[in-house]
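Okay, model37.cif is below, mmCIF, C-alpha atoms and all ligand atoms:
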```cif
data_protein
#
loop_
_atom_site.label_atom_id
_atom_site.label_comp_id
_atom_site.auth_asym_id
_atom_site.auth_seq_id
_atom_site.Cartn_x
_atom_site.Cartn_y
_atom_site.Cartn_z
CA MET A 1 -32.93 2.27 -12.21
CA SER A 2 -30.33 4.67 -13.48
CA ASP A 3 -30.27 5.22 -17.20
CA VAL A 4 -26.85 3.83 -18.00
CA SER A 5 -27.20 4.57 -21.70
CA GLN A 6 -26.36 8.14 -20.69
CA ALA A 7 -23.08 6.94 -19.17
CA TYR A 8 -20.38 7.51 -21.75
CA ASN A 9 -17.41 6.51 -19.67
CA ILE A 10 -16.55 4.78 -16.40
CA ALA A 11 -16.48 8.13 -14.58
CA ASP A 12 -20.15 8.60 -15.54
CA LEU A 13 -20.98 5.18 -14.06
CA ARG A 14 -19.09 6.16 -10.92
CA ARG A 15 -21.24 9.31 -10.60
CA LEU A 16 -24.44 7.30 -11.03
CA ALA A 17 -23.26 4.86 -8.34
CA GLU A 18 -22.43 7.73 -6.02
CA ARG A 19 -25.90 9.18 -6.48
CA ARG A 20 -27.66 5.88 -5.78
CA LEU A 21 -25.64 4.62 -2.83
CA PRO A 22 -25.47 5.68 0.81
CA ARG A 23 -22.13 7.37 1.49
CA MET A 24 -20.72 4.45 3.53
CA ILE A 25 -21.34 1.95 0.72
CA PHE A 26 -20.01 4.22 -2.02
CA ASP A 27 -16.86 5.00 -0.02
CA PHE A 28 -16.27 1.29 0.66
CA ILE A 29 -16.08 0.74 -3.11
CA ASP A 30 -14.41 3.96 -4.16
CA GLY A 31 -11.86 4.40 -1.41
CA GLY A 32 -8.26 3.37 -0.92
CA ALA A 33 -5.88 3.06 2.01
CA GLU A 34 -4.62 5.96 4.15
CA ASP A 35 -3.82 9.01 1.98
CA GLU A 36 -4.84 7.16 -1.20
CA VAL A 37 -1.44 7.97 -2.71
CA THR A 38 -1.14 4.58 -4.40
CA MET A 39 -4.72 4.72 -5.62
CA ARG A 40 -4.00 8.03 -7.36
CA ALA A 41 -0.59 6.84 -8.58
CA ASN A 42 -2.27 3.93 -10.35
CA ARG A 43 -4.23 6.40 -12.46
CA GLU A 44 -1.36 8.81 -12.95
CA ALA A 45 0.84 6.04 -14.36
CA TYR A 46 -1.71 5.37 -17.11
CA GLU A 47 -2.21 9.07 -17.77
CA ARG A 48 1.53 9.68 -18.06
CA LEU A 49 2.04 7.13 -20.84
CA ARG A 50 1.45 8.38 -24.38
CA PHE A 51 0.99 6.58 -27.68
CA ALA A 52 3.02 6.89 -30.85
CA PRO A 53 0.17 6.11 -33.28
CA ARG A 54 0.73 4.52 -36.67
CA VAL A 55 -0.98 5.89 -39.80
CA LEU A 56 -2.07 4.59 -43.20
CA ARG A 57 -2.91 1.14 -41.94
CA ASP A 58 -6.11 -0.64 -42.82
CA VAL A 59 -8.08 -0.55 -39.60
CA VAL A 60 -11.56 -1.28 -40.94
CA LYS A 61 -11.57 -4.57 -39.07
CA ILE A 62 -10.32 -4.61 -35.50
CA ASP A 63 -9.57 -7.88 -33.78
CA MET A 64 -9.39 -7.68 -30.01
CA ARG A 65 -9.44 -11.45 -29.52
CA CYS A 66 -6.46 -12.92 -27.78
CA GLU A 67 -5.36 -15.69 -25.51
CA VAL A 68 -5.88 -15.10 -21.81
CA LEU A 69 -4.48 -17.76 -19.50
CA GLY A 70 -4.49 -20.43 -22.16
CA ALA A 71 -7.92 -19.90 -23.71
CA GLU A 72 -9.41 -17.45 -26.15
CA SER A 73 -10.97 -14.29 -24.84
CA ARG A 74 -12.93 -11.66 -26.77
CA ALA A 75 -10.58 -8.97 -25.46
CA PRO A 76 -7.60 -8.81 -23.08
CA ILE A 77 -9.89 -7.97 -20.17
CA VAL A 78 -10.68 -10.00 -17.05
CA VAL A 79 -13.23 -9.12 -14.39
CA ALA A 80 -11.34 -8.74 -11.10
CA PRO A 81 -12.72 -10.25 -7.90
CA THR A 82 -14.58 -7.79 -5.71
CA GLY A 83 -16.19 -8.68 -2.41
CA GLY A 84 -19.41 -7.24 -1.08
CA VAL A 85 -21.06 -6.43 -4.42
CA GLY A 86 -24.42 -7.31 -2.89
CA PHE A 87 -24.05 -4.44 -0.40
CA ALA A 88 -24.52 -2.15 -3.38
CA TRP A 89 -26.88 -4.18 -5.56
CA PRO A 90 -28.69 -7.33 -4.41
CA GLY A 91 -27.68 -10.15 -6.75
CA GLY A 92 -24.80 -7.99 -8.01
CA ASP A 93 -22.25 -10.83 -8.07
CA LEU A 94 -24.40 -12.75 -10.48
CA ALA A 95 -25.00 -9.62 -12.56
CA ILE A 96 -21.23 -9.19 -12.97
CA ALA A 97 -20.60 -12.84 -13.83
CA ARG A 98 -23.41 -12.88 -16.40
CA ALA A 99 -22.15 -9.70 -18.03
CA ALA A 100 -18.65 -11.16 -18.29
CA ALA A 101 -20.01 -14.38 -19.81
CA ALA A 102 -22.08 -12.40 -22.33
CA PHE A 103 -18.94 -10.53 -23.37
CA GLY A 104 -16.81 -13.67 -23.60
CA LEU A 105 -14.45 -12.51 -20.85
CA PRO A 106 -13.14 -14.46 -17.85
CA CYS A 107 -14.64 -13.53 -14.49
CA CYS A 108 -12.79 -14.07 -11.24
CA LEU A 109 -15.14 -14.68 -8.30
CA SER A 110 -14.13 -13.23 -4.95
CA THR A 111 -13.87 -15.28 -1.77
CA ASN A 112 -16.26 -12.64 -0.44
CA THR A 113 -19.12 -12.88 -2.90
CA THR A 114 -22.59 -12.29 -1.51
CA ALA A 115 -23.98 -15.36 -3.28
CA THR A 116 -22.44 -18.83 -3.15
CA MET A 117 -20.00 -19.73 -5.88
CA GLU A 118 -22.28 -22.68 -6.70
CA ALA A 119 -25.25 -20.39 -7.31
CA ILE A 120 -23.19 -18.03 -9.45
CA ALA A 121 -21.59 -20.81 -11.48
CA GLU A 122 -24.95 -22.40 -12.16
CA ALA A 123 -26.63 -19.20 -13.27
CA ALA A 124 -23.81 -17.38 -15.03
CA GLY A 125 -21.85 -19.78 -17.23
CA GLY A 126 -18.78 -18.45 -18.99
CA ARG A 127 -15.16 -18.72 -17.92
CA LEU A 128 -14.96 -18.52 -14.13
CA TRP A 129 -11.85 -18.19 -11.98
CA TYR A 130 -11.82 -18.26 -8.19
CA GLN A 131 -9.95 -15.84 -5.97
CA LEU A 132 -8.75 -17.32 -2.69
CA TYR A 133 -8.02 -15.59 0.58
CA VAL A 134 -6.07 -18.04 2.69
CA LEU A 135 -7.91 -17.91 6.00
CA ARG A 136 -6.65 -18.83 9.43
CA ASP A 137 -9.18 -21.63 9.36
CA ARG A 138 -7.09 -23.66 6.92
CA GLU A 139 -9.48 -26.60 6.85
CA PHE A 140 -12.26 -24.29 5.79
CA THR A 141 -9.96 -22.70 3.20
CA ASP A 142 -9.38 -26.17 1.73
CA THR A 143 -13.12 -26.65 1.37
CA LEU A 144 -13.29 -23.39 -0.62
CA VAL A 145 -10.61 -24.70 -2.98
CA ALA A 146 -12.44 -28.00 -3.41
CA ARG A 147 -15.74 -26.21 -4.06
CA ALA A 148 -14.11 -23.95 -6.65
CA ALA A 149 -12.81 -27.03 -8.47
CA ALA A 150 -16.21 -28.74 -8.21
CA VAL A 151 -18.06 -25.82 -9.82
CA GLY A 152 -15.60 -25.80 -12.70
CA CYS A 153 -13.45 -22.75 -12.01
CA GLU A 154 -10.55 -22.97 -14.43
CA ALA A 155 -8.10 -20.93 -12.36
CA LEU A 156 -7.36 -20.28 -8.71
CA ALA A 157 -5.96 -16.83 -7.92
CA VAL A 158 -4.38 -16.75 -4.48
CA THR A 159 -4.39 -13.17 -3.16
CA VAL A 160 -1.19 -12.40 -1.27
CA ASP A 161 -1.35 -8.66 -0.57
CA LEU A 162 -3.65 -8.85 2.43
CA ALA A 163 -1.38 -9.92 5.28
CA ALA A 164 -3.24 -7.19 7.16
CA GLY A 165 -6.35 -5.27 6.23
CA GLY A 166 -5.48 -1.95 4.57
CA LYS A 167 -6.16 1.15 6.68
CA ARG A 168 -9.18 2.47 4.83
CA GLU A 169 -9.91 5.66 6.61
CA ARG A 170 -13.10 6.52 4.73
CA ASP A 171 -14.60 3.33 6.20
CA MET A 172 -13.38 4.36 9.64
CA HIS A 173 -14.89 7.82 9.39
CA ASN A 174 -18.12 6.32 8.11
CA ARG A 175 -18.11 3.70 10.91
CA PHE A 176 -18.26 1.04 8.22
CA THR A 177 -16.50 -1.26 10.63
CA VAL A 178 -17.14 -4.29 12.68
CA PRO A 179 -19.35 -4.91 14.41
CA PHE A 180 -21.49 -2.69 12.21
CA LYS A 181 -23.73 -0.60 14.36
CA MET A 182 -26.52 1.28 12.69
CA SER A 183 -26.05 4.89 13.73
CA LEU A 184 -28.49 7.71 13.16
CA TRP A 185 -26.26 8.90 10.34
CA HIS A 186 -26.41 5.47 8.63
CA LEU A 187 -30.17 5.57 8.95
CA TRP A 188 -30.20 9.04 7.46
CA GLN A 189 -28.04 7.85 4.57
CA ALA A 190 -30.47 4.99 3.95
CA LEU A 191 -33.44 7.39 4.03
CA ILE A 192 -31.95 9.81 1.52
CA HIS A 193 -31.06 6.96 -0.84
CA PRO A 194 -34.49 5.32 -1.14
CA ARG A 195 -33.76 3.36 -4.33
CA TRP A 196 -30.90 1.55 -2.58
CA SER A 197 -32.88 1.05 0.64
CA ALA A 198 -35.94 -0.29 -1.19
CA ALA A 199 -33.83 -2.83 -3.09
CA ILE A 200 -32.07 -3.97 0.08
CA VAL A 201 -35.32 -4.29 2.02
CA ALA A 202 -37.04 -6.12 -0.85
CA ASN A 203 -34.21 -8.67 -0.80
CA GLY A 204 -34.36 -9.36 2.90
CA GLY A 205 -31.69 -6.98 4.13
CA VAL A 206 -27.96 -6.59 3.62
CA PRO A 207 -26.62 -9.89 2.28
CA THR A 208 -23.92 -12.00 3.88
CA PHE A 209 -20.67 -13.42 2.52
CA GLU A 210 -22.33 -16.65 1.50
CA ASN A 211 -19.20 -18.68 0.74
CA LEU A 212 -17.96 -18.20 4.28
CA ARG A 213 -20.84 -19.79 6.11
CA GLY A 214 -19.35 -22.42 8.37
CA MET A 215 -15.98 -20.72 8.74
CA ARG A 216 -14.71 -21.13 12.28
CA THR A 217 -14.60 -18.02 14.52
CA ILE A 218 -17.59 -16.40 12.88
CA GLN A 219 -20.04 -15.94 15.64
CA ASP A 220 -22.58 -13.73 14.03
CA PRO A 221 -23.19 -14.37 10.34
CA SER A 222 -24.59 -10.92 9.70
CA ALA A 223 -23.14 -9.20 6.65
CA SER A 224 -21.26 -6.43 8.35
CA SER A 225 -19.64 -8.49 11.08
CA ILE A 226 -18.45 -10.96 8.45
CA ALA A 227 -17.19 -8.12 6.29
CA ALA A 228 -14.82 -7.01 8.95
CA SER A 229 -13.89 -10.38 10.30
CA VAL A 230 -12.59 -11.51 6.93
CA GLY A 231 -9.70 -9.07 7.13
CA ARG A 232 -9.00 -10.43 10.60
CA GLU A 233 -9.35 -14.02 9.49
CA ILE A 234 -6.75 -13.87 6.75
CA ASP A 235 -3.64 -15.82 7.63
CA ALA A 236 -0.59 -13.57 7.79
CA SER A 237 1.68 -16.62 8.03
CA LEU A 238 1.00 -17.51 4.38
CA ASN A 239 4.33 -18.55 2.81
CA GLU A 240 5.97 -20.45 -0.03
CA ALA A 241 5.33 -23.88 1.48
CA ASP A 242 1.61 -23.07 1.60
CA LEU A 243 1.64 -21.99 -2.00
CA LEU A 244 3.31 -25.25 -3.00
CA ARG A 245 0.55 -27.08 -1.19
CA TYR A 246 -2.10 -25.23 -3.21
CA ARG A 247 -0.06 -26.01 -6.31
CA GLU A 248 -0.38 -29.71 -5.42
CA MET A 249 -4.07 -29.50 -4.60
CA TRP A 250 -5.21 -27.41 -7.55
CA LYS A 251 -5.16 -29.12 -10.90
CA GLY A 252 -6.19 -26.07 -12.91
CA LYS A 253 -4.26 -22.87 -13.54
CA LEU A 254 -2.74 -21.25 -10.48
CA LEU A 255 -2.28 -17.49 -10.28
CA VAL A 256 -0.80 -15.34 -7.54
CA LYS A 257 -2.53 -11.98 -7.18
CA GLY A 258 -0.86 -9.00 -5.55
CA VAL A 259 2.69 -9.19 -6.95
CA GLU A 260 4.66 -5.95 -7.37
CA ARG A 261 8.32 -7.09 -7.54
CA ALA A 262 10.36 -8.75 -10.27
CA ASP A 263 12.22 -11.04 -7.85
CA ASP A 264 8.94 -12.27 -6.33
CA ALA A 265 7.58 -12.93 -9.82
CA GLU A 266 10.68 -14.91 -10.74
CA ARG A 267 10.47 -16.95 -7.55
CA LEU A 268 6.78 -17.67 -8.13
CA VAL A 269 7.48 -18.92 -11.64
CA SER A 270 10.07 -21.30 -10.24
CA LEU A 271 7.45 -22.53 -7.73
CA GLY A 272 5.25 -23.56 -10.65
CA VAL A 273 2.54 -20.92 -10.90
CA ASP A 274 0.76 -20.49 -14.23
CA GLY A 275 0.45 -16.72 -14.12
CA ILE A 276 1.50 -13.59 -12.25
CA TRP A 277 -1.21 -11.10 -11.32
CA VAL A 278 0.37 -7.69 -10.77
CA SER A 279 -1.84 -5.80 -8.35
CA ASN A 280 -1.81 -3.43 -5.39
CA HIS A 281 -5.48 -4.15 -4.71
CA GLY A 282 -6.52 -0.92 -6.39
CA GLY A 283 -4.60 1.08 -3.76
CA ARG A 284 -6.66 -0.42 -0.94
CA GLN A 285 -3.83 -2.16 0.89
CA LEU A 286 -0.30 -0.73 1.25
CA ASP A 287 -0.45 3.00 0.68
CA GLY A 288 2.83 4.08 -0.88
CA ALA A 289 3.14 0.90 -2.95
CA ALA A 290 4.21 1.49 -6.54
CA ALA A 291 1.67 2.04 -9.28
CA THR A 292 1.21 -1.34 -10.92
CA LEU A 293 1.88 0.00 -14.41
CA ASP A 294 5.26 1.30 -13.20
CA ALA A 295 6.07 -2.11 -11.71
CA LEU A 296 4.98 -4.01 -14.83
CA PRO A 297 8.00 -3.75 -17.19
CA ASP A 298 10.50 -5.21 -14.70
CA ILE A 299 8.12 -8.03 -13.84
CA VAL A 300 7.50 -8.83 -17.50
CA ALA A 301 11.27 -8.90 -18.09
CA ALA A 302 11.86 -11.18 -15.09
CA VAL A 303 9.11 -13.59 -16.11
CA GLY A 304 10.57 -13.72 -19.60
CA GLY A 305 7.42 -15.03 -21.27
CA LYS A 306 7.40 -18.23 -19.19
CA VAL A 307 3.90 -17.49 -17.89
CA PRO A 308 1.36 -14.75 -18.65
CA VAL A 309 1.29 -11.54 -16.64
CA ILE A 310 -2.05 -9.96 -15.76
CA ILE A 311 -2.29 -6.48 -14.31
CA ASP A 312 -4.96 -4.54 -12.43
CA SER A 313 -5.38 -1.34 -10.42
CA GLY A 314 -6.42 1.89 -12.06
CA VAL A 315 -7.85 0.72 -15.39
CA ARG A 316 -10.69 3.07 -16.34
CA ARG A 317 -10.33 3.42 -20.12
CA GLY A 318 -10.00 1.14 -23.12
CA ALA A 319 -6.77 2.97 -23.93
CA ASP A 320 -5.40 1.77 -20.58
CA VAL A 321 -5.83 -1.81 -21.77
CA LEU A 322 -3.71 -0.99 -24.81
CA LYS A 323 -1.01 0.65 -22.68
CA ALA A 324 -0.77 -2.37 -20.38
CA ARG A 325 -0.58 -4.69 -23.40
CA ALA A 326 2.13 -2.50 -24.89
CA LEU A 327 4.18 -3.00 -21.71
CA GLY A 328 3.80 -6.76 -21.87
CA ALA A 329 0.68 -7.65 -19.89
CA GLN A 330 -1.43 -10.39 -21.44
CA ALA A 331 -4.60 -8.88 -19.99
CA VAL A 332 -5.86 -6.27 -17.56
CA ALA A 333 -8.35 -6.93 -14.78
CA VAL A 334 -11.00 -4.40 -13.85
CA GLY A 335 -12.38 -4.03 -10.33
CA ARG A 336 -14.07 -0.72 -9.62
CA ALA A 337 -15.11 -0.13 -13.23
CA MET A 338 -17.42 -3.15 -13.00
CA PHE A 339 -18.46 -2.39 -9.45
CA TYR A 340 -19.53 1.18 -10.33
CA GLY A 341 -21.64 -0.07 -13.25
CA THR A 342 -23.27 -2.75 -11.15
CA ALA A 343 -23.91 -0.40 -8.24
CA ALA A 344 -25.56 2.05 -10.63
CA ALA A 345 -27.90 -0.37 -12.38
CA GLY A 346 -27.27 -4.08 -11.75
CA GLU A 347 -26.64 -6.27 -14.79
CA PRO A 348 -27.33 -3.56 -17.41
CA GLY A 349 -24.79 -1.42 -15.56
CA ALA A 350 -22.21 -4.22 -15.51
CA ARG A 351 -22.75 -4.70 -19.25
CA ARG A 352 -22.50 -0.98 -19.81
CA ALA A 353 -19.08 -0.93 -18.13
CA LEU A 354 -17.85 -3.66 -20.46
CA THR A 355 -19.40 -1.99 -23.51
CA ILE A 356 -17.62 1.25 -22.65
CA LEU A 357 -14.24 -0.44 -22.12
CA THR A 358 -14.39 -2.64 -25.23
CA ASP A 359 -15.68 0.21 -27.44
CA GLU A 360 -12.92 2.47 -26.20
CA LEU A 361 -10.32 -0.24 -26.74
CA GLU A 362 -11.53 -0.80 -30.30
CA ARG A 363 -11.49 2.92 -31.07
CA SER A 364 -8.02 3.37 -29.55
CA MET A 365 -6.69 0.47 -31.61
CA ARG A 366 -8.11 2.03 -34.77
CA LEU A 367 -6.64 5.43 -33.93
CA CYS A 368 -3.29 3.81 -33.08
CA GLY A 369 -3.23 1.99 -36.41
CA VAL A 370 -3.19 -1.52 -34.93
CA PRO A 371 -5.86 -3.82 -36.38
CA SER A 372 -5.04 -6.75 -34.16
CA ILE A 373 -4.21 -6.96 -30.48
CA GLY A 374 -1.32 -9.31 -31.28
CA GLU A 375 0.48 -6.41 -32.96
CA VAL A 376 0.51 -4.25 -29.86
CA GLY A 377 3.99 -3.85 -28.47
CA ARG A 378 6.31 -1.35 -26.91
CA SER A 379 6.82 0.52 -30.15
CA LEU A 380 3.25 1.76 -29.83
CA LEU A 381 4.32 3.94 -26.92
CA HIS A 382 5.97 7.31 -27.29
CA ARG A 383 9.49 7.38 -25.89
CA GLY A 384 9.73 10.52 -23.91
C1 LIG A 401 -14.89 -2.95 -3.32
C2 LIG A 401 -13.72 -3.82 -3.66
C3 LIG A 401 -13.68 -5.12 -3.15
C4 LIG A 401 -12.59 -5.95 -3.46
N1 LIG A 401 -12.59 -7.24 -3.00
C5 LIG A 401 -11.56 -8.06 -3.33
C6 LIG A 401 -11.56 -9.43 -2.93
O1 LIG A 401 -12.51 -9.90 -2.30
N2 LIG A 401 -10.50 -10.17 -3.26
C7 LIG A 401 -9.42 -9.68 -3.98
O2 LIG A 401 -8.46 -10.40 -4.26
N3 LIG A 401 -9.42 -8.40 -4.40
C8 LIG A 401 -10.45 -7.59 -4.10
N4 LIG A 401 -10.46 -6.30 -4.55
C9 LIG A 401 -9.36 -5.84 -5.41
C10 LIG A 401 -9.66 -6.12 -6.88
O3 LIG A 401 -9.62 -7.48 -7.19
C11 LIG A 401 -8.64 -5.43 -7.79
O4 LIG A 401 -7.34 -5.80 -7.42
C12 LIG A 401 -8.77 -3.90 -7.76
O5 LIG A 401 -10.11 -3.52 -7.67
C13 LIG A 401 -8.13 -3.33 -9.01
O6 LIG A 401 -8.17 -1.95 -9.02
P1 LIG A 401 -9.33 -1.08 -9.73
O7 LIG A 401 -10.48 -1.11 -8.79
O8 LIG A 401 -8.72 0.26 -9.86
O9 LIG A 401 -9.65 -1.75 -11.06
C14 LIG A 401 -11.53 -5.47 -4.27
C15 LIG A 401 -11.60 -4.17 -4.78
C16 LIG A 401 -12.68 -3.36 -4.49
C17 LIG A 401 -12.73 -1.98 -5.09
#
```

Do you think you could lay out the structure here as structure tokens?
Ligand SMILES: Cc1cc2nc3c(=O)[nH]c(=O)nc-3n(C[C@H](O)[C@H](O)[C@H](O)COP(=O)(O)O)c2cc1C
Amino acid sequence: MSDVSQAYNIADLRRLAERRLPRMIFDFIDGGAEDEVTMRANREAYERLRFAPRVLRDVVKIDMRCEVLGAESRAPIVVAPTGGVGFAWPGGDLAIARAAAAFGLPCCLSTNTTATMEAIAEAAGGRLWYQLYVLRDREFTDTLVARAAAVGCEALAVTVDLAAGGKRERDMHNRFTVPFKMSLWHLWQALIHPRWSAAIVANGGVPTFENLRGMRTIQDPSASSIAASVGREIDASLNEADLLRYREMWKGKLLVKGVERADDAERLVSLGVDGIWVSNHGGRQLDGAAATLDALPDIVAAVGGKVPVIIDSGVRRGADVLKARALGAQAVAVGRAMFYGTAAAGEPGARRALTILTDELERSMRLCGVPSIGEVGRSLLHRG
């Protein structure tokens, strides 16, 4: 296992993950769509923003607690849904959910987890949300919604930015496609990453997308063929009427994930959603889409405080959390940051990612002169 205590930031965890994983698995996590312009822009938007720190404020005690989607959270951080975690670390989905529960943060389970949502919910505890891809097999999709309610997920996040699979060219070059055919190069990658290979072999091979067993049109339930078919199986006809139907069906909080426009956000609020999730899928879908942090202020203004706004894509530092809060987000969600930690070292790695982010957030708050997260607003940012 990698020594994650030597990882001082998320970039360190990323390096440890890169060392441990075969190239095709690392690139699947790390990569974005096409030229990765949006993926880079997500980071640049955070790096461009600067603070205007306050001084001479008592910052001995720092309070990061805040409301996230109607309940208290230890910090304004949510674990974003990521599919295929088990490709990198067997049992990785559970590791992530347990780490989130230990930190008192909500965890959003992906449709594409490599353990069933029932198994994760039973073993992890904590605040769980469920992310839904609306599949062409609508009956099956309804069973996913019912199962998420039955295991006690408090929110359903319908992902709407996947009308087509993003063109992820690293995966194409690496032949991480469907049907997955083991090439000599893949075998070589497995051989030169023995810690990964040993863990995968010890756990009976590459896991499958367990929630999707029984979905129509899946012929071969092997992990890699399912991985690719999910993109194909997502229903591009998804529209407002469908969303209203999920609004009817789902008694808990309803979020829409993948929003980048103020007019869409406004329309969604009028359709009765409980939260807007600003996301460009970490730059994995439409390359050329705006950085989410750049899209945030207009969306926050359009929503006008009627429902909370959550943002993801590009968060790598605790200071980023503060910047997103300053622009009106209630919380940020973190995808790759958690995935890198988990890929490096399983649950201790997932915990390390959250330790890094919460420690950095606390330090940034102290250095910005804001003892409580509730005080963070636009005036904390430098105008320039
Ligand atoms: C490897 C990987 C798998 C993902 N799988 C899903 C998924 O199954 N469902 C979903 O809605 N978003 C998925 N996402 C997107 C994340 O939920 C989130 O929007 C994105 O990771 C945020 O950007 P960040 O990685 O820079 O934090 C995935 C992202 C990654 C990196």

Quiz item: From the set A:Pro194, A:Gly125, A:Gly70, A:Tyr133, which residue has the shortest atom-to-atom contact distance to Lys253 (chain A), counting all atoms listed in the file?
Solution: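 With all atoms listed in the file as the atom set, the closest residue is A:Gly70.
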
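The interatomic distance for the pair CA of Ala333 (chain A) and CA of Gly374 (chain A) works out to 18.1 Å.
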
Practice problem: Would you work out the distance separating CA of Val321 (chain A) from CA of Ala291 (chain A), expressed in Å to one decimal? | Solution: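 Here the two named atoms are 15.1 Å from each other.
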
Exercise: Ala41 (chain A) partners within 12 Å, only C-alpha atoms, chain neighbours under 3 positions left out, as an mmCIF file with C-alpha atoms, in the frame of the given file:
```cif
data_model
loop_
_atom_site.group_PDB
_atom_site.id
_atom_site.type_symbol
_atom_site.label_atom_id
_atom_site.label_comp_id
_atom_site.auth_asym_id
_atom_site.auth_seq_id
_atom_site.Cartn_x
_atom_site.Cartn_y
_atom_site.Cartn_z
ATOM 1 C CA GLY A 32 -8.260 3.370 -0.920
ATOM 2 C CA ASP A 35 -3.820 9.010 1.980
ATOM 3 C CA GLU A 36 -4.840 7.160 -1.200
ATOM 4 C CA VAL A 37 -1.440 7.970 -2.710
ATOM 5 C CA THR A 38 -1.140 4.580 -4.400
ATOM 6 C CA GLU A 44 -1.360 8.810 -12.950
ATOM 7 C CA ALA A 45 0.840 6.040 -14.360
ATOM 8 C CA TYR A 46 -1.710 5.370 -17.110
ATOM 9 C CA GLU A 47 -2.210 9.070 -17.770
ATOM 10 C CA ARG A 48 1.530 9.680 -18.060
ATOM 11 C CA ASN A 280 -1.810 -3.430 -5.390
ATOM 12 C CA GLY A 282 -6.520 -0.920 -6.390
ATOM 13 C CA GLY A 283 -4.600 1.080 -3.760
ATOM 14 C CA ASP A 287 -0.450 3.000 0.680
ATOM 15 C CA GLY A 288 2.830 4.080 -0.880
ATOM 16 C CA ALA A 289 3.140 0.900 -2.950
ATOM 17 C CA ALA A 290 4.210 1.490 -6.540
ATOM 18 C CA ALA A 291 1.670 2.040 -9.280
ATOM 19 C CA THR A 292 1.210 -1.340 -10.920
ATOM 20 C CA LEU A 293 1.880 0.000 -14.410
ATOM 21 C CA ASP A 294 5.260 1.300 -13.200
ATOM 22 C CA ALA A 295 6.070 -2.110 -11.710
ATOM 23 C CA SER A 313 -5.380 -1.340 -10.420
ATOM 24 C CA GLY A 314 -6.420 1.890 -12.060
ATOM 25 C CA VAL A 315 -7.850 0.720 -15.390
#
```

Quiz prompt | Shortest interatomic distance to Leu49 (chain A) - which of A:Leu128, A:Met365, A:Ala190, A:Ala324, counting only C-alpha atoms | solution = A:Ala324

Generate N, CA and C atoms for region 102-115 of chain A and emit them as a PDB file, in the frame of the given file.
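Saved result, out.pdb, follows:
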```pdb
ATOM      1  N   ALA A 102     -21.484 -12.918 -21.089  1.00  0.00           N
ATOM      2  CA  ALA A 102     -22.080 -12.400 -22.330  1.00  0.00           C
ATOM      3  C   ALA A 102     -21.028 -11.751 -23.216  1.00  0.00           C
ATOM      4  N   PHE A 103     -20.002 -11.204 -22.600  1.00  0.00           N
ATOM      5  CA  PHE A 103     -18.940 -10.530 -23.370  1.00  0.00           C
ATOM      6  C   PHE A 103     -17.789 -11.468 -23.720  1.00  0.00           C
ATOM      7  N   GLY A 104     -17.880 -12.722 -23.290  1.00  0.00           N
ATOM      8  CA  GLY A 104     -16.810 -13.670 -23.600  1.00  0.00           C
ATOM      9  C   GLY A 104     -15.513 -13.367 -22.876  1.00  0.00           C
ATOM     10  N   LEU A 105     -15.642 -12.862 -21.638  1.00  0.00           N
ATOM     11  CA  LEU A 105     -14.450 -12.510 -20.850  1.00  0.00           C
ATOM     12  C   LEU A 105     -14.414 -13.350 -19.570  1.00  0.00           C
ATOM     13  N   PRO A 106     -13.224 -13.716 -19.112  1.00  0.00           N
ATOM     14  CA  PRO A 106     -13.140 -14.460 -17.850  1.00  0.00           C
ATOM     15  C   PRO A 106     -13.564 -13.591 -16.664  1.00  0.00           C
ATOM     16  N   CYS A 107     -14.175 -14.235 -15.689  1.00  0.00           N
ATOM     17  CA  CYS A 107     -14.640 -13.530 -14.490  1.00  0.00           C
ATOM     18  C   CYS A 107     -14.088 -14.222 -13.267  1.00  0.00           C
ATOM     19  N   CYS A 108     -13.377 -13.489 -12.442  1.00  0.00           N
ATOM     20  CA  CYS A 108     -12.790 -14.070 -11.240  1.00  0.00           C
ATOM     21  C   CYS A 108     -13.698 -13.785 -10.040  1.00  0.00           C
ATOM     22  N   LEU A 109     -14.240 -14.833  -9.451  1.00  0.00           N
ATOM     23  CA  LEU A 109     -15.140 -14.680  -8.300  1.00  0.00           C
ATOM     24  C   LEU A 109     -14.324 -14.443  -7.037  1.00  0.00           C
ATOM     25  N   SER A 110     -14.800 -13.521  -6.215  1.00  0.00           N
ATOM     26  CA  SER A 110     -14.130 -13.230  -4.950  1.00  0.00           C
ATOM     27  C   SER A 110     -14.448 -14.295  -3.910  1.00  0.00           C
ATOM     28  N   THR A 111     -13.542 -14.479  -2.956  1.00  0.00           N
ATOM     29  CA  THR A 111     -13.870 -15.280  -1.770  1.00  0.00           C
ATOM     30  C   THR A 111     -15.100 -14.678  -1.085  1.00  0.00           C
ATOM     31  N   ASN A 112     -15.217 -13.354  -1.181  1.00  0.00           N
ATOM     32  CA  ASN A 112     -16.260 -12.640  -0.440  1.00  0.00           C
ATOM     33  C   ASN A 112     -17.476 -12.273  -1.281  1.00  0.00           C
ATOM     34  N   THR A 113     -17.894 -13.162  -2.152  1.00  0.00           N
ATOM     35  CA  THR A 113     -19.120 -12.880  -2.900  1.00  0.00           C
ATOM     36  C   THR A 113     -20.319 -12.961  -1.950  1.00  0.00           C
ATOM     37  N   THR A 114     -21.388 -12.293  -2.346  1.00  0.00           N
ATOM     38  CA  THR A 114     -22.590 -12.290  -1.510  1.00  0.00           C
ATOM     39  C   THR A 114     -23.625 -13.299  -2.017  1.00  0.00           C
ATOM     40  N   ALA A 115     -23.194 -14.176  -2.915  1.00  0.00           N
ATOM     41  CA  ALA A 115     -23.980 -15.360  -3.280  1.00  0.00           C
ATOM     42  C   ALA A 115     -22.964 -16.504  -3.289  1.00  0.00           C
TER      43      ALA A 115
END
```
